[in-house]
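What follows is the content of start_30.csv, which has CSV, C-alpha atoms and all ligand atoms:
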```
chain,number,residue,atom,x,y,z
H,773,MET,CA,0.0,0.0,0.0
H,774,TYR,CA,3.1,2.2,0.3
H,775,ASN,CA,6.0,2.8,-1.9
H,776,THR,CA,8.9,4.3,0.0
H,777,PRO,CA,11.6,1.9,-1.3
H,778,MET,CA,14.0,2.2,1.7
H,779,PHE,CA,11.4,0.8,4.1
H,780,SER,CA,10.5,-2.8,4.5
H,781,TYR,CA,6.9,-3.6,4.7
H,782,ASP,CA,5.1,-6.7,5.8
H,783,LEU,CA,1.3,-6.2,5.7
H,784,HIS,CA,0.0,-9.7,6.3
H,785,ASN,CA,0.8,-11.5,9.5
H,786,HIS,CA,-1.0,-13.9,11.8
H,787,SER,CA,-0.3,-14.4,15.5
H,788,HIS,CA,-1.5,-17.1,17.8
H,789,PHE,CA,-4.7,-15.1,18.2
H,790,SER,CA,-5.8,-16.9,15.0
H,791,ASP,CA,-3.8,-19.6,13.3
H,792,GLY,CA,-0.2,-18.3,13.7
H,793,GLU,CA,2.5,-19.9,15.9
H,794,LEU,CA,3.9,-16.8,17.6
H,795,SER,CA,2.5,-14.2,20.0
H,796,PRO,CA,2.2,-10.7,18.6
H,797,THR,CA,5.2,-9.7,20.7
H,798,GLU,CA,7.3,-12.6,19.3
H,799,LEU,CA,6.1,-11.7,15.8
H,800,LEU,CA,7.2,-8.1,16.1
H,801,ALA,CA,10.6,-9.2,17.5
H,802,TYR,CA,11.0,-11.5,14.5
H,803,ALA,CA,10.0,-8.7,12.1
H,804,HIS,CA,12.4,-6.3,13.8
H,805,GLN,CA,15.3,-8.8,13.4
H,806,HIS,CA,14.5,-9.0,9.7
H,807,GLY,CA,14.4,-5.2,9.1
H,808,VAL,CA,10.7,-4.7,8.8
H,809,LYS,CA,9.7,-1.1,9.5
H,810,VAL,CA,6.0,-1.2,8.8
H,811,PHE,CA,4.1,-4.2,10.0
H,812,ALA,CA,0.4,-5.1,9.9
H,813,LEU,CA,-1.1,-7.7,12.2
H,814,THR,CA,-3.9,-9.3,10.2
H,815,ASP,CA,-5.3,-12.2,12.2
H,816,HIS,CA,-8.3,-14.1,10.9
H,817,ASP,CA,-11.5,-12.4,11.9
H,818,THR,CA,-10.1,-11.0,15.2
H,819,VAL,CA,-8.4,-7.8,16.4
H,820,ALA,CA,-7.6,-9.3,19.8
H,821,GLY,CA,-3.9,-9.3,19.2
H,822,LEU,CA,-3.6,-5.7,18.3
H,823,ALA,CA,-3.1,-4.2,21.7
H,824,GLN,CA,-0.2,-6.4,22.5
H,825,ALA,CA,1.2,-5.8,19.0
H,826,GLN,CA,1.1,-2.1,19.6
H,827,GLN,CA,3.1,-2.4,22.8
H,828,ALA,CA,5.8,-4.5,21.0
H,829,ALA,CA,5.8,-2.1,18.0
H,830,ILE,CA,6.7,0.8,20.2
H,831,GLN,CA,9.5,-1.2,21.8
H,832,TYR,CA,11.0,-2.2,18.4
H,833,ASN,CA,10.3,1.2,16.8
H,834,ILE,CA,8.1,-0.4,14.1
H,835,GLN,CA,5.0,1.3,12.6
H,836,LEU,CA,2.1,-0.9,13.4
H,837,ILE,CA,-0.8,-1.0,11.0
H,838,ASN,CA,-4.0,-2.3,12.6
H,839,GLY,CA,-5.3,-5.0,10.5
H,840,VAL,CA,-7.6,-8.0,10.2
H,841,GLU,CA,-8.2,-10.7,7.6
H,842,LEU,CA,-11.8,-11.4,6.7
H,843,SER,CA,-13.2,-14.6,5.2
H,844,ALA,CA,-15.6,-13.8,2.4
H,845,ARG,CA,-17.3,-15.3,-0.6
H,846,TRP,CA,-17.3,-14.2,-4.2
H,847,ARG,CA,-20.3,-15.4,-6.1
H,848,GLU,CA,-19.5,-16.1,-9.7
H,849,HIS,CA,-22.7,-17.1,-11.5
H,850,ASP,CA,-23.7,-20.2,-9.4
H,851,ILE,CA,-20.3,-20.9,-7.9
H,852,TYR,CA,-19.1,-19.5,-4.6
H,853,HIS,CA,-15.4,-19.0,-4.1
H,854,ASP,CA,-13.9,-18.5,-0.6
H,855,ILE,CA,-11.9,-15.3,-0.7
H,856,HIS,CA,-9.8,-13.6,1.9
H,857,ILE,CA,-9.8,-9.9,2.3
H,858,VAL,CA,-7.2,-8.0,4.4
H,859,GLY,CA,-8.4,-4.8,6.1
H,860,LEU,CA,-5.6,-2.3,6.8
H,861,ASN,CA,-5.8,0.7,9.0
H,862,ILE,CA,-9.0,-0.4,10.6
H,863,ASP,CA,-10.1,1.1,13.9
H,864,PRO,CA,-9.9,-1.9,16.3
H,865,LYS,CA,-12.3,-0.3,18.7
H,866,ASP,CA,-15.1,0.2,16.1
H,867,ALA,CA,-18.1,-1.3,17.8
H,868,GLN,CA,-19.8,-2.4,14.6
H,869,LEU,CA,-16.7,-4.1,13.3
H,870,LEU,CA,-16.3,-5.9,16.6
H,871,GLU,CA,-19.8,-7.2,16.4
H,872,ARG,CA,-19.3,-8.4,12.9
H,873,LEU,CA,-16.1,-10.1,13.8
H,874,GLN,CA,-17.9,-11.9,16.6
H,875,SER,CA,-20.4,-13.2,14.0
H,876,GLN,CA,-17.5,-14.5,11.9
H,877,LEU,CA,-16.0,-16.3,14.9
H,878,LYS,CA,-19.4,-18.0,15.6
H,879,LYS,CA,-19.4,-19.3,12.0
H,880,ARG,CA,-15.9,-20.6,12.6
H,881,THR,CA,-16.9,-22.5,15.7
H,882,SER,CA,-19.9,-24.1,14.1
H,883,ARG,CA,-17.8,-24.9,11.0
H,884,ALA,CA,-15.2,-26.6,13.2
H,885,LYS,CA,-17.9,-28.8,14.7
H,886,GLN,CA,-19.1,-29.8,11.3
H,887,ILE,CA,-15.6,-30.5,10.1
H,888,ALA,CA,-15.0,-32.8,13.1
H,889,THR,CA,-18.3,-34.7,12.4
H,890,ARG,CA,-17.3,-35.2,8.8
H,891,LEU,CA,-13.8,-36.4,9.7
H,892,ALA,CA,-15.3,-38.8,12.2
H,893,GLN,CA,-17.5,-40.2,9.4
H,894,ILE,CA,-14.4,-41.2,7.5
H,895,GLY,CA,-12.8,-42.8,10.5
H,896,ILE,CA,-10.9,-39.9,12.2
H,897,PRO,CA,-12.5,-39.5,15.6
H,898,GLY,CA,-11.7,-36.8,18.2
H,899,ALA,CA,-10.7,-34.1,15.7
H,900,TYR,CA,-12.7,-31.3,17.4
H,901,GLU,CA,-11.0,-31.9,20.8
H,902,GLY,CA,-7.7,-32.4,19.1
H,903,ALA,CA,-7.9,-29.1,17.1
H,904,GLN,CA,-9.2,-27.3,20.2
H,905,ALA,CA,-6.3,-28.4,22.3
H,906,LEU,CA,-4.0,-27.0,19.6
H,907,ALA,CA,-6.0,-23.8,19.3
H,908,GLY,CA,-5.9,-23.2,23.1
H,909,LYS,CA,-8.1,-20.2,23.9
H,910,GLN,CA,-8.2,-19.1,20.3
H,911,CYS,CA,-10.8,-19.9,17.7
H,912,ILE,CA,-10.3,-23.2,15.9
H,913,THR,CA,-9.3,-22.8,12.3
H,914,ARG,CA,-8.6,-25.3,9.6
H,915,PRO,CA,-4.8,-25.2,10.1
H,916,HIS,CA,-5.5,-26.4,13.6
H,917,PHE,CA,-7.3,-29.4,12.1
H,918,ALA,CA,-4.4,-29.9,9.6
H,919,LYS,CA,-1.9,-29.9,12.5
H,920,TYR,CA,-4.0,-32.4,14.4
H,921,LEU,CA,-4.1,-34.7,11.3
H,922,ILE,CA,-0.3,-34.4,11.0
H,923,GLN,CA,0.1,-35.1,14.7
H,924,GLN,CA,-2.1,-38.2,14.4
H,925,GLN,CA,0.0,-39.3,11.4
H,926,VAL,CA,-3.1,-39.4,9.3
H,927,THR,CA,-1.3,-37.1,6.8
H,928,LYS,CA,2.2,-35.8,6.2
H,929,ASP,CA,2.0,-32.1,5.8
H,930,PHE,CA,-0.3,-29.0,5.5
H,931,SER,CA,-0.8,-29.1,1.8
H,932,THR,CA,-1.7,-32.8,1.8
H,933,ALA,CA,-4.0,-32.3,4.8
H,934,PHE,CA,-5.9,-29.6,2.8
H,935,ARG,CA,-5.9,-31.6,-0.4
H,936,GLN,CA,-7.0,-34.9,1.1
H,937,PHE,CA,-9.2,-33.8,4.0
H,938,LEU,CA,-10.0,-30.1,4.5
H,939,GLY,CA,-9.9,-28.2,1.2
H,940,LYS,CA,-12.6,-27.7,-1.3
H,941,GLY,CA,-13.8,-31.1,-2.7
H,942,ALA,CA,-12.3,-33.0,0.2
H,943,PRO,CA,-14.4,-35.0,2.6
H,944,GLY,CA,-13.9,-32.6,5.6
H,945,TYR,CA,-14.6,-29.5,3.6
H,946,VAL,CA,-17.5,-27.5,5.0
H,947,PRO,CA,-18.8,-24.6,2.9
H,948,THR,CA,-19.5,-21.6,5.1
H,949,ASN,CA,-21.8,-18.7,4.4
H,950,TRP,CA,-19.2,-16.0,4.8
H,951,PRO,CA,-20.3,-12.5,3.8
H,952,ASP,CA,-20.2,-11.6,0.2
H,953,ILE,CA,-17.0,-9.7,-0.8
H,954,ALA,CA,-19.0,-6.5,-1.2
H,955,GLU,CA,-20.2,-6.8,2.4
H,956,ALA,CA,-16.7,-7.6,3.7
H,957,ILE,CA,-15.3,-4.6,1.9
H,958,GLN,CA,-18.0,-2.4,3.5
H,959,TRP,CA,-17.2,-3.7,6.9
H,960,ILE,CA,-13.6,-2.7,6.5
H,961,ARG,CA,-14.4,0.7,5.0
H,962,GLN,CA,-16.9,1.5,7.7
H,963,ALA,CA,-14.2,0.8,10.3
H,964,GLY,CA,-12.0,3.3,8.5
H,965,GLY,CA,-9.8,0.8,6.7
H,966,GLN,CA,-8.7,-0.1,3.2
H,967,ALA,CA,-9.6,-3.5,1.7
H,968,VAL,CA,-6.9,-5.6,0.1
H,969,LEU,CA,-7.5,-8.7,-1.9
H,970,ALA,CA,-5.3,-11.3,-0.2
H,971,HIS,CA,-3.1,-13.8,-2.0
H,972,PRO,CA,-5.1,-13.8,-5.2
H,973,LYS,CA,-3.2,-16.8,-6.7
H,974,ARG,CA,-4.3,-19.1,-4.0
H,975,TYR,CA,-7.9,-19.4,-5.1
H,976,LYS,CA,-7.0,-21.5,-8.1
H,977,LEU,CA,-9.0,-19.3,-10.4
H,978,LYS,CA,-8.4,-19.1,-14.2
H,979,ASN,CA,-6.9,-15.9,-15.5
H,980,GLN,CA,-10.2,-14.7,-16.8
H,981,GLN,CA,-11.9,-15.4,-13.4
H,982,LEU,CA,-9.2,-13.6,-11.6
H,983,ARG,CA,-9.7,-10.6,-13.8
H,984,GLN,CA,-13.4,-10.7,-13.1
H,985,LEU,CA,-12.7,-10.9,-9.4
H,986,CYS,CA,-10.3,-7.9,-9.5
H,987,LYS,CA,-12.9,-5.9,-11.4
H,988,CYS,CA,-15.6,-6.8,-8.9
H,989,PHE,CA,-13.3,-6.1,-6.0
H,990,LYS,CA,-12.5,-2.7,-7.3
H,991,GLN,CA,-16.1,-1.8,-8.1
H,992,GLN,CA,-17.1,-2.7,-4.6
H,993,GLY,CA,-14.6,-0.3,-3.1
H,994,GLY,CA,-11.6,-2.5,-2.7
H,995,GLU,CA,-8.3,-0.6,-2.9
H,996,GLY,CA,-5.4,-3.0,-3.0
H,997,ILE,CA,-4.2,-6.4,-3.9
H,998,GLU,CA,-1.4,-8.5,-2.5
H,999,VAL,CA,1.2,-8.7,-5.2
H,1000,VAL,CA,3.9,-10.3,-3.1
H,1001,THR,CA,2.9,-13.0,-0.6
H,1002,ALA,CA,4.7,-16.0,0.8
H,1003,THR,CA,2.9,-18.4,-1.6
H,1004,HIS,CA,3.4,-16.4,-4.8
H,1005,LYS,CA,6.1,-17.6,-7.2
H,1006,ILE,CA,8.1,-15.0,-9.2
H,1007,GLY,CA,6.0,-15.4,-12.3
H,1008,GLU,CA,2.8,-15.0,-10.3
H,1009,VAL,CA,4.1,-11.8,-8.7
H,1010,THR,CA,4.7,-10.4,-12.2
H,1011,HIS,CA,1.2,-11.4,-13.2
H,1012,VAL,CA,-0.5,-9.9,-10.1
H,1013,ALA,CA,1.5,-6.7,-10.5
H,1014,GLN,CA,0.0,-6.5,-14.0
H,1015,LEU,CA,-3.5,-7.1,-12.6
H,1016,ALA,CA,-3.0,-4.4,-10.0
H,1017,HIS,CA,-2.0,-2.0,-12.7
H,1018,ASN,CA,-4.8,-2.9,-15.1
H,1019,HIS,CA,-7.5,-2.6,-12.3
H,1020,GLN,CA,-6.0,0.4,-10.6
H,1021,LEU,CA,-5.5,-1.4,-7.4
H,1022,LEU,CA,-2.6,-0.5,-5.0
H,1023,GLY,CA,0.0,-3.2,-4.5
H,1024,SER,CA,0.5,-4.7,-1.1
H,1025,GLN,CA,2.9,-7.3,0.2
H,1026,GLY,CA,3.0,-9.6,3.2
Y,1101,MN,MN,-5.5,-15.8,4.0
```

How does this structure look as structure tokens?
Amino acid sequence: MYNTPMFSYDLHNHSHFSDGELSPTELLAYAHQHGVKVFALTDHDTVAGLAQAQQAAIQYNIQLINGVELSARWREHDIYHDIHIVGLNIDPKDAQLLERLQSQLKKRTSRAKQIATRLAQIGIPGAYEGAQALAGKQCITRPHFAKYLIQQQVTKDFSTAFRQFLGKGAPGYVPTNWPDIAEAIQWIRQAGGQAVLAHPKRYKLKNQQLRQLCKCFKQQGGEGIEVVTATHKIGEVTHVAQLAHNHQLLGSQG
């Protein structure tokens, strides 16, 4: 979202308040060691880690961007695609946003129960308890299930866990009625933030669909797109940079 070249930006990070491994403080320490100057904490559907992140950001002289990552759906004709939208510069005290995030967390809990039921049906019992133990006090997310499956030696790694058990088309996949992308963008804007289309290449969309998604995202008030993310290969970065340019979206990285 910013283009001062001497600074290092990381605008997409998860802490253990959602599906990350580290506390916000540990994350900021890590970012500091790697020269990050502007850092956004963007936990899934929660802003609970931001207060702690702010304390650590002061300590390490890093500019903290208050963020969140919302799960949403893009409806393309009769097909729904799960899409992630990062909100940057949101007001973490916005009452309406907090209420909306609460509704997202409820959906996550009910989805987690359904995932566990489906896994039990294919001979993997105890997944809810297992994932919950890994999530601790946080909301259970699919990576917690993936971790549980790895722990139980049912599968070998994250990508296999998603392909075989948790991802779209797999037996443990539970479609969730996340808000439409237009709605999610509104939530972010109404909380004072800017909406960024997260990791666009992860949705396995054809080029033409991705263009359509970018167009729709921009029309609905989205402002940026993640050009650089951990899962984008070099060629993909170039392609998304082109998309950003064509659709007049700002480039973000995380
Ligand atoms: Mn994401």

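Environment of (-8.0, 3.1, 17.5): residues at most 12 Å away, judged by all atoms listed in the file, are Val819, Leu822, Ala823, Gln826, Leu836, Ile837, Asn838, Gly839, Asn861, Ile862, Asp863, Pro864, Lys865, Asp866, Ala867, Ala963, Gly964 and Gly965 of chain H.
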
Could you please extract the residues within 10 Å of ligand MN 1101 (chain Y), counting only C-alpha atoms and all ligand atoms, and hand them back as an MDAnalysis selection string?
-> chainID H and resid 784:786 814:816 841:843 854:858 969:972 974 1001

Do a neighbour search on H:Gln893 at 10 Å with all atoms listed in the file, toss out local chain neighbours closer than 4 positions, and write the hits as a PyMOL selection string.
-> chain H and resi 887-889+897+943-944

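Picture a line from atom CA of H:Gln886 to atom CA of H:Tyr945; it runs 8.9 Å.
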
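For the pair atom CA of H:Trp846 and atom CA of H:Gly1023, the separation is 20.5 Å.
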
Please identify all polymer residues within 12 Å of H:Arg983, counting only C-alpha atoms, omitting same-chain residues fewer than 6 positions from it, and present them as a ChimeraX atom specification.
-> /H:848,972-973,977,989-990,1011-1012,1014-1019,1021

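Minimum atom-to-atom distance to H:Glu798, evaluated using all atoms listed in the file, belongs to H:Gln831 out of H:Gln831, H:Gly996, H:His1004, H:Ala884.
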
Please provide as a list in words all residues within 10 Å of H:Gln876, with the sequence filter that same-chain residues fewer than 4 positions apart are discarded (counting all atoms listed in the file).
-> His816, Asp817, Thr818, Leu842, Ser843, Ala844, Leu870, Glu871, Arg872, Arg880, Thr881, Asn949, Trp950 and Pro951 of chain H

Please identify all polymer residues within 9 Å of H:Tyr920, counting all atoms listed in the file, omitting same-chain residues fewer than 3 positions from it, and present them as a ChimeraX atom specification.
-> /H:899,902-903,906,915-917,923-926

Restricted to all heavy atoms, what does stretch 880-895 of chain H look like when written out as a PDB file, in the first residue's frame?
```pdb
ATOM      1  N   ARG H 880     -17.069 -19.752  12.513  1.00  0.00           N
ATOM      2  CA  ARG H 880     -15.893 -20.623  12.572  1.00  0.00           C
ATOM      3  C   ARG H 880     -16.110 -21.774  13.546  1.00  0.00           C
ATOM      4  O   ARG H 880     -15.740 -22.912  13.262  1.00  0.00           O
ATOM      5  CB  ARG H 880     -14.656 -19.837  13.019  1.00  0.00           C
ATOM      6  CG  ARG H 880     -14.074 -19.031  11.920  1.00  0.00           C
ATOM      7  CD  ARG H 880     -12.733 -18.404  12.298  1.00  0.00           C
ATOM      8  NE  ARG H 880     -12.267 -17.635  11.173  1.00  0.00           N
ATOM      9  CZ  ARG H 880     -11.628 -18.156  10.129  1.00  0.00           C
ATOM     10  NH1 ARG H 880     -11.319 -19.426  10.096  1.00  0.00           N
ATOM     11  NH2 ARG H 880     -11.264 -17.393   9.132  1.00  0.00           N
ATOM     12  N   THR H 881     -16.680 -21.467  14.713  1.00  0.00           N
ATOM     13  CA  THR H 881     -16.903 -22.511  15.711  1.00  0.00           C
ATOM     14  C   THR H 881     -17.874 -23.552  15.172  1.00  0.00           C
ATOM     15  O   THR H 881     -17.626 -24.758  15.290  1.00  0.00           O
ATOM     16  CB  THR H 881     -17.448 -21.895  17.014  1.00  0.00           C
ATOM     17  OG1 THR H 881     -16.543 -20.859  17.400  1.00  0.00           O
ATOM     18  CG2 THR H 881     -17.551 -22.912  18.120  1.00  0.00           C
ATOM     19  N   SER H 882     -18.956 -23.085  14.565  1.00  0.00           N
ATOM     20  CA  SER H 882     -19.919 -24.051  14.063  1.00  0.00           C
ATOM     21  C   SER H 882     -19.317 -24.838  12.898  1.00  0.00           C
ATOM     22  O   SER H 882     -19.537 -26.037  12.770  1.00  0.00           O
ATOM     23  CB  SER H 882     -21.244 -23.357  13.736  1.00  0.00           C
ATOM     24  OG  SER H 882     -21.469 -23.320  12.372  1.00  0.00           O
ATOM     25  N   ARG H 883     -18.506 -24.195  12.084  1.00  0.00           N
ATOM     26  CA  ARG H 883     -17.849 -24.935  11.010  1.00  0.00           C
ATOM     27  C   ARG H 883     -16.906 -26.001  11.580  1.00  0.00           C
ATOM     28  O   ARG H 883     -16.870 -27.131  11.087  1.00  0.00           O
ATOM     29  CB  ARG H 883     -17.045 -23.995  10.099  1.00  0.00           C
ATOM     30  CG  ARG H 883     -16.319 -24.748   8.993  1.00  0.00           C
ATOM     31  CD  ARG H 883     -15.575 -23.855   8.032  1.00  0.00           C
ATOM     32  NE  ARG H 883     -14.391 -23.262   8.630  1.00  0.00           N
ATOM     33  CZ  ARG H 883     -13.425 -22.645   7.942  1.00  0.00           C
ATOM     34  NH1 ARG H 883     -13.539 -22.536   6.628  1.00  0.00           N
ATOM     35  NH2 ARG H 883     -12.409 -22.120   8.541  1.00  0.00           N
ATOM     36  N   ALA H 884     -16.161 -25.641  12.639  1.00  0.00           N
ATOM     37  CA  ALA H 884     -15.210 -26.585  13.232  1.00  0.00           C
ATOM     38  C   ALA H 884     -15.933 -27.855  13.693  1.00  0.00           C
ATOM     39  O   ALA H 884     -15.444 -28.971  13.503  1.00  0.00           O
ATOM     40  CB  ALA H 884     -14.475 -25.930  14.401  1.00  0.00           C
ATOM     41  N   LYS H 885     -17.112 -27.682  14.286  1.00  0.00           N
ATOM     42  CA  LYS H 885     -17.877 -28.843  14.744  1.00  0.00           C
ATOM     43  C   LYS H 885     -18.288 -29.723  13.556  1.00  0.00           C
ATOM     44  O   LYS H 885     -18.213 -30.950  13.616  1.00  0.00           O
ATOM     45  CB  LYS H 885     -19.112 -28.397  15.535  1.00  0.00           C
ATOM     46  CG  LYS H 885     -18.709 -27.863  16.910  1.00  0.00           C
ATOM     47  CD  LYS H 885     -19.881 -27.387  17.715  1.00  0.00           C
ATOM     48  CE  LYS H 885     -19.383 -26.827  19.055  1.00  0.00           C
ATOM     49  NZ  LYS H 885     -20.291 -25.823  19.612  1.00  0.00           N
ATOM     50  N   GLN H 886     -18.715 -29.050  12.492  1.00  0.00           N
ATOM     51  CA  GLN H 886     -19.117 -29.821  11.299  1.00  0.00           C
ATOM     52  C   GLN H 886     -17.939 -30.531  10.643  1.00  0.00           C
ATOM     53  O   GLN H 886     -18.075 -31.654  10.172  1.00  0.00           O
ATOM     54  CB  GLN H 886     -19.774 -28.888  10.275  1.00  0.00           C
ATOM     55  CG  GLN H 886     -21.112 -28.330  10.737  1.00  0.00           C
ATOM     56  CD  GLN H 886     -21.625 -27.310   9.712  1.00  0.00           C
ATOM     57  OE1 GLN H 886     -21.802 -27.614   8.544  1.00  0.00           O
ATOM     58  NE2 GLN H 886     -21.835 -26.096  10.160  1.00  0.00           N
ATOM     59  N   ILE H 887     -16.785 -29.880  10.636  1.00  0.00           N
ATOM     60  CA  ILE H 887     -15.593 -30.528  10.062  1.00  0.00           C
ATOM     61  C   ILE H 887     -15.285 -31.801  10.848  1.00  0.00           C
ATOM     62  O   ILE H 887     -15.058 -32.869  10.281  1.00  0.00           O
ATOM     63  CB  ILE H 887     -14.358 -29.578  10.082  1.00  0.00           C
ATOM     64  CG1 ILE H 887     -14.549 -28.420   9.102  1.00  0.00           C
ATOM     65  CG2 ILE H 887     -13.071 -30.336   9.768  1.00  0.00           C
ATOM     66  CD1 ILE H 887     -13.466 -27.326   9.170  1.00  0.00           C
ATOM     67  N   ALA H 888     -15.322 -31.671  12.194  1.00  0.00           N
ATOM     68  CA  ALA H 888     -15.014 -32.822  13.054  1.00  0.00           C
ATOM     69  C   ALA H 888     -15.996 -33.961  12.795  1.00  0.00           C
ATOM     70  O   ALA H 888     -15.595 -35.131  12.731  1.00  0.00           O
ATOM     71  CB  ALA H 888     -15.032 -32.399  14.511  1.00  0.00           C
ATOM     72  N   THR H 889     -17.276 -33.620  12.631  1.00  0.00           N
ATOM     73  CA  THR H 889     -18.281 -34.652  12.363  1.00  0.00           C
ATOM     74  C   THR H 889     -17.955 -35.372  11.050  1.00  0.00           C
ATOM     75  O   THR H 889     -17.997 -36.594  10.970  1.00  0.00           O
ATOM     76  CB  THR H 889     -19.686 -34.001  12.258  1.00  0.00           C
ATOM     77  OG1 THR H 889     -19.915 -33.274  13.465  1.00  0.00           O
ATOM     78  CG2 THR H 889     -20.773 -35.036  12.078  1.00  0.00           C
ATOM     79  N   ARG H 890     -17.594 -34.592  10.057  1.00  0.00           N
ATOM     80  CA  ARG H 890     -17.278 -35.209   8.753  1.00  0.00           C
ATOM     81  C   ARG H 890     -16.030 -36.072   8.830  1.00  0.00           C
ATOM     82  O   ARG H 890     -15.974 -37.141   8.218  1.00  0.00           O
ATOM     83  CB  ARG H 890     -17.107 -34.135   7.686  1.00  0.00           C
ATOM     84  CG  ARG H 890     -18.428 -33.474   7.399  1.00  0.00           C
ATOM     85  CD  ARG H 890     -18.371 -32.569   6.203  1.00  0.00           C
ATOM     86  NE  ARG H 890     -19.640 -31.862   6.111  1.00  0.00           N
ATOM     87  CZ  ARG H 890     -20.066 -31.222   5.034  1.00  0.00           C
ATOM     88  NH1 ARG H 890     -19.324 -31.208   3.968  1.00  0.00           N
ATOM     89  NH2 ARG H 890     -21.215 -30.604   5.042  1.00  0.00           N
ATOM     90  N   LEU H 891     -15.043 -35.612   9.584  1.00  0.00           N
ATOM     91  CA  LEU H 891     -13.816 -36.413   9.710  1.00  0.00           C
ATOM     92  C   LEU H 891     -14.119 -37.710  10.451  1.00  0.00           C
ATOM     93  O   LEU H 891     -13.605 -38.776  10.090  1.00  0.00           O
ATOM     94  CB  LEU H 891     -12.717 -35.608  10.418  1.00  0.00           C
ATOM     95  CG  LEU H 891     -12.136 -34.426   9.625  1.00  0.00           C
ATOM     96  CD1 LEU H 891     -11.134 -33.636  10.469  1.00  0.00           C
ATOM     97  CD2 LEU H 891     -11.447 -34.906   8.334  1.00  0.00           C
ATOM     98  N   ALA H 892     -14.976 -37.616  11.485  1.00  0.00           N
ATOM     99  CA  ALA H 892     -15.349 -38.826  12.246  1.00  0.00           C
ATOM    100  C   ALA H 892     -16.020 -39.837  11.306  1.00  0.00           C
ATOM    101  O   ALA H 892     -15.779 -41.040  11.414  1.00  0.00           O
ATOM    102  CB  ALA H 892     -16.266 -38.461  13.399  1.00  0.00           C
ATOM    103  N   GLN H 893     -16.824 -39.309  10.382  1.00  0.00           N
ATOM    104  CA  GLN H 893     -17.529 -40.196   9.442  1.00  0.00           C
ATOM    105  C   GLN H 893     -16.576 -40.968   8.527  1.00  0.00           C
ATOM    106  O   GLN H 893     -16.921 -42.026   8.023  1.00  0.00           O
ATOM    107  CB  GLN H 893     -18.512 -39.384   8.585  1.00  0.00           C
ATOM    108  CG  GLN H 893     -19.814 -39.088   9.328  1.00  0.00           C
ATOM    109  CD  GLN H 893     -20.602 -37.953   8.670  1.00  0.00           C
ATOM    110  OE1 GLN H 893     -20.178 -37.377   7.667  1.00  0.00           O
ATOM    111  NE2 GLN H 893     -21.754 -37.632   9.241  1.00  0.00           N
ATOM    112  N   ILE H 894     -15.384 -40.423   8.320  1.00  0.00           N
ATOM    113  CA  ILE H 894     -14.434 -41.176   7.486  1.00  0.00           C
ATOM    114  C   ILE H 894     -13.356 -41.837   8.357  1.00  0.00           C
ATOM    115  O   ILE H 894     -12.257 -42.151   7.894  1.00  0.00           O
ATOM    116  CB  ILE H 894     -13.804 -40.303   6.370  1.00  0.00           C
ATOM    117  CG1 ILE H 894     -13.108 -39.053   6.955  1.00  0.00           C
ATOM    118  CG2 ILE H 894     -14.850 -39.899   5.336  1.00  0.00           C
ATOM    119  CD1 ILE H 894     -12.081 -38.434   6.019  1.00  0.00           C
ATOM    120  N   GLY H 895     -13.685 -42.027   9.639  1.00  0.00           N
ATOM    121  CA  GLY H 895     -12.801 -42.819  10.497  1.00  0.00           C
ATOM    122  C   GLY H 895     -11.718 -42.057  11.226  1.00  0.00           C
ATOM    123  O   GLY H 895     -10.733 -42.638  11.670  1.00  0.00           O
TER     124      GLY H 895
END
```
